[in-house]
Amino acid sequence: MIDASIAAICFWIVGWALAYGDTAGGFIGTNHFAASDIYNGAGGGESDGWENWFFQWAFTGACATIVAGSVAERTKLEAYFVYSIVLTTFIYPV
C-alpha cells in the first residue's frame, strides 16, 4: 500500500514529466510536471489522457514492488521510502 501511494504521488508530480514531457536533448522531459498538460475534460468521444497516466502508474508501482520483496525487511523504513521515491520518480521514467 505504501509503494502504491508513493508511486502515485511521485510519478504524478515528477515522473510523468520526465517520461512524457518535451525532451531536452532527447533524454528527459522538461514540461508536464504534476501532469499539468493532461486534458481534463472528458466528453466528445475523445480520450482525456488520464488512462495512459494510470496505465503507466500501474507499471511504476509494479517496478517498485519487485525489488521491495527483497529489500523491505533488510533496510530501515526511511531508506526504503527513499528507494521507492528515487525508483518511481527517476529510474522508471527515464
# chains A, B, ... in the order shown; residues from 1 in each chain; ligands from 1
>>> residues_around(residues="Ala8 of chain A", least_positions_apart="2", cutoff="12 Å", atoms="only C-alpha atoms", output="MDAnalysis selection string")
chainID A and resid 1:6 10:16 34:35 53:62 64 84:85 87:89
>>> write_last_selection(atoms="N, CA, C and O atoms", output="compact mmCIF listing (two decimals), in the first residue's frame")
# COMPACT_ATOMS: atom_id res chain seq x y z
N MET A 1 0.82 -1.19 0.00
CA MET A 1 0.00 0.00 0.00
C MET A 1 0.86 1.26 0.00
O MET A 1 0.55 2.21 -0.68
N ILE A 2 1.94 1.23 0.78
CA ILE A 2 2.83 2.38 0.82
C ILE A 2 3.50 2.57 -0.53
O ILE A 2 3.64 3.70 -1.01
N ASP A 3 3.91 1.48 -1.18
CA ASP A 3 4.53 1.59 -2.51
C ASP A 3 3.59 2.24 -3.51
O ASP A 3 3.99 3.09 -4.29
N ALA A 4 2.34 1.83 -3.50
CA ALA A 4 1.37 2.38 -4.44
C ALA A 4 1.14 3.87 -4.19
O ALA A 4 1.05 4.66 -5.14
N SER A 5 1.08 4.26 -2.94
CA SER A 5 0.88 5.68 -2.61
C SER A 5 2.08 6.52 -3.00
O SER A 5 1.93 7.59 -3.60
N ILE A 6 3.26 6.05 -2.64
CA ILE A 6 4.48 6.79 -3.01
C ILE A 6 4.63 6.85 -4.52
O ILE A 6 4.95 7.90 -5.09
N CYS A 10 4.72 10.48 -6.50
CA CYS A 10 5.98 10.84 -7.15
C CYS A 10 5.86 10.79 -8.68
O CYS A 10 6.40 11.65 -9.37
N PHE A 11 5.17 9.80 -9.20
CA PHE A 11 5.02 9.71 -10.65
C PHE A 11 4.14 10.83 -11.16
O PHE A 11 4.37 11.37 -12.24
N TRP A 12 3.14 11.23 -10.40
CA TRP A 12 2.28 12.33 -10.81
C TRP A 12 3.03 13.66 -10.82
O TRP A 12 2.92 14.43 -11.76
N ILE A 13 3.82 13.92 -9.77
CA ILE A 13 4.50 15.21 -9.67
C ILE A 13 5.67 15.33 -10.63
O ILE A 13 5.80 16.34 -11.34
N VAL A 14 6.54 14.32 -10.70
CA VAL A 14 7.77 14.44 -11.48
C VAL A 14 7.92 13.39 -12.57
O VAL A 14 8.32 13.69 -13.68
N GLY A 15 7.59 12.14 -12.27
CA GLY A 15 7.86 11.04 -13.18
C GLY A 15 7.21 11.17 -14.54
O GLY A 15 7.83 10.90 -15.57
N TRP A 16 5.95 11.58 -14.57
CA TRP A 16 5.25 11.74 -15.85
C TRP A 16 5.94 12.76 -16.72
O TRP A 16 6.07 12.58 -17.94
N ALA A 34 3.52 17.54 -12.62
CA ALA A 34 2.24 17.35 -11.93
C ALA A 34 1.12 17.12 -12.94
O ALA A 34 -0.02 17.49 -12.70
N ALA A 35 1.48 16.48 -14.05
CA ALA A 35 0.52 16.14 -15.11
C ALA A 35 -0.30 17.35 -15.52
O ALA A 35 -1.50 17.26 -15.76
N TRP A 53 -1.86 7.76 -18.14
CA TRP A 53 -1.16 8.02 -16.87
C TRP A 53 -1.41 6.88 -15.90
O TRP A 53 -0.48 6.39 -15.27
N PHE A 54 -2.66 6.45 -15.78
CA PHE A 54 -3.00 5.37 -14.85
C PHE A 54 -2.30 4.07 -15.24
O PHE A 54 -1.80 3.34 -14.38
N PHE A 55 -2.25 3.78 -16.53
CA PHE A 55 -1.58 2.58 -17.02
C PHE A 55 -0.09 2.61 -16.67
O PHE A 55 0.46 1.63 -16.17
N GLN A 56 0.57 3.74 -16.89
CA GLN A 56 1.99 3.86 -16.57
C GLN A 56 2.22 3.85 -15.06
O GLN A 56 3.24 3.34 -14.59
N TRP A 57 1.30 4.42 -14.30
CA TRP A 57 1.43 4.38 -12.84
C TRP A 57 1.39 2.95 -12.33
O TRP A 57 2.12 2.59 -11.41
N ALA A 58 0.55 2.12 -12.93
CA ALA A 58 0.48 0.72 -12.51
C ALA A 58 1.82 0.03 -12.71
O ALA A 58 2.27 -0.74 -11.85
N PHE A 59 2.49 0.31 -13.81
CA PHE A 59 3.80 -0.28 -14.04
C PHE A 59 4.86 0.32 -13.13
O PHE A 59 5.81 -0.36 -12.73
N THR A 60 4.72 1.59 -12.81
CA THR A 60 5.65 2.21 -11.87
C THR A 60 5.54 1.55 -10.50
O THR A 60 6.54 1.24 -9.86
N GLY A 61 4.32 1.34 -10.04
CA GLY A 61 4.11 0.66 -8.76
C GLY A 61 4.62 -0.77 -8.79
O GLY A 61 5.22 -1.24 -7.82
N ALA A 62 4.41 -1.45 -9.90
CA ALA A 62 4.92 -2.83 -10.02
C ALA A 62 6.44 -2.84 -9.99
O ALA A 62 7.05 -3.73 -9.38
N ALA A 64 8.37 -0.77 -8.42
CA ALA A 64 8.80 -0.55 -7.05
C ALA A 64 8.60 -1.78 -6.18
O ALA A 64 9.41 -2.07 -5.30
N SER A 84 12.03 3.93 -2.80
CA SER A 84 10.79 3.97 -3.57
C SER A 84 10.62 5.30 -4.30
O SER A 84 10.19 5.34 -5.45
N ILE A 85 10.98 6.38 -3.64
CA ILE A 85 10.87 7.70 -4.27
C ILE A 85 11.81 7.82 -5.46
O ILE A 85 11.42 8.27 -6.53
N LEU A 87 13.16 5.43 -7.24
CA LEU A 87 12.78 4.48 -8.30
C LEU A 87 11.58 4.97 -9.08
O LEU A 87 11.58 4.91 -10.31
N THR A 88 10.55 5.45 -8.41
CA THR A 88 9.35 5.86 -9.11
C THR A 88 9.43 7.25 -9.71
O THR A 88 8.68 7.57 -10.63
N THR A 89 10.35 8.08 -9.22
CA THR A 89 10.46 9.43 -9.74
C THR A 89 11.46 9.52 -10.89
O THR A 89 11.20 10.24 -11.87
>>> closest_residue(among="A:Ala79, A:Ala7, A:Val71, A:Val94", to="Thr23 of chain A", atoms="only C-alpha atoms")
A:Val94
>>> atom_distance(atom1="atom CA of Leu18 of chain A", atom2="atom CA of Val86 of chain A")
12.7 Å
>>> select_by_dssp(residues="chain A", states="strand (DSSP E)", output="list in words")
Thr23, Ala24, Ile28 and Gly29 of chain A
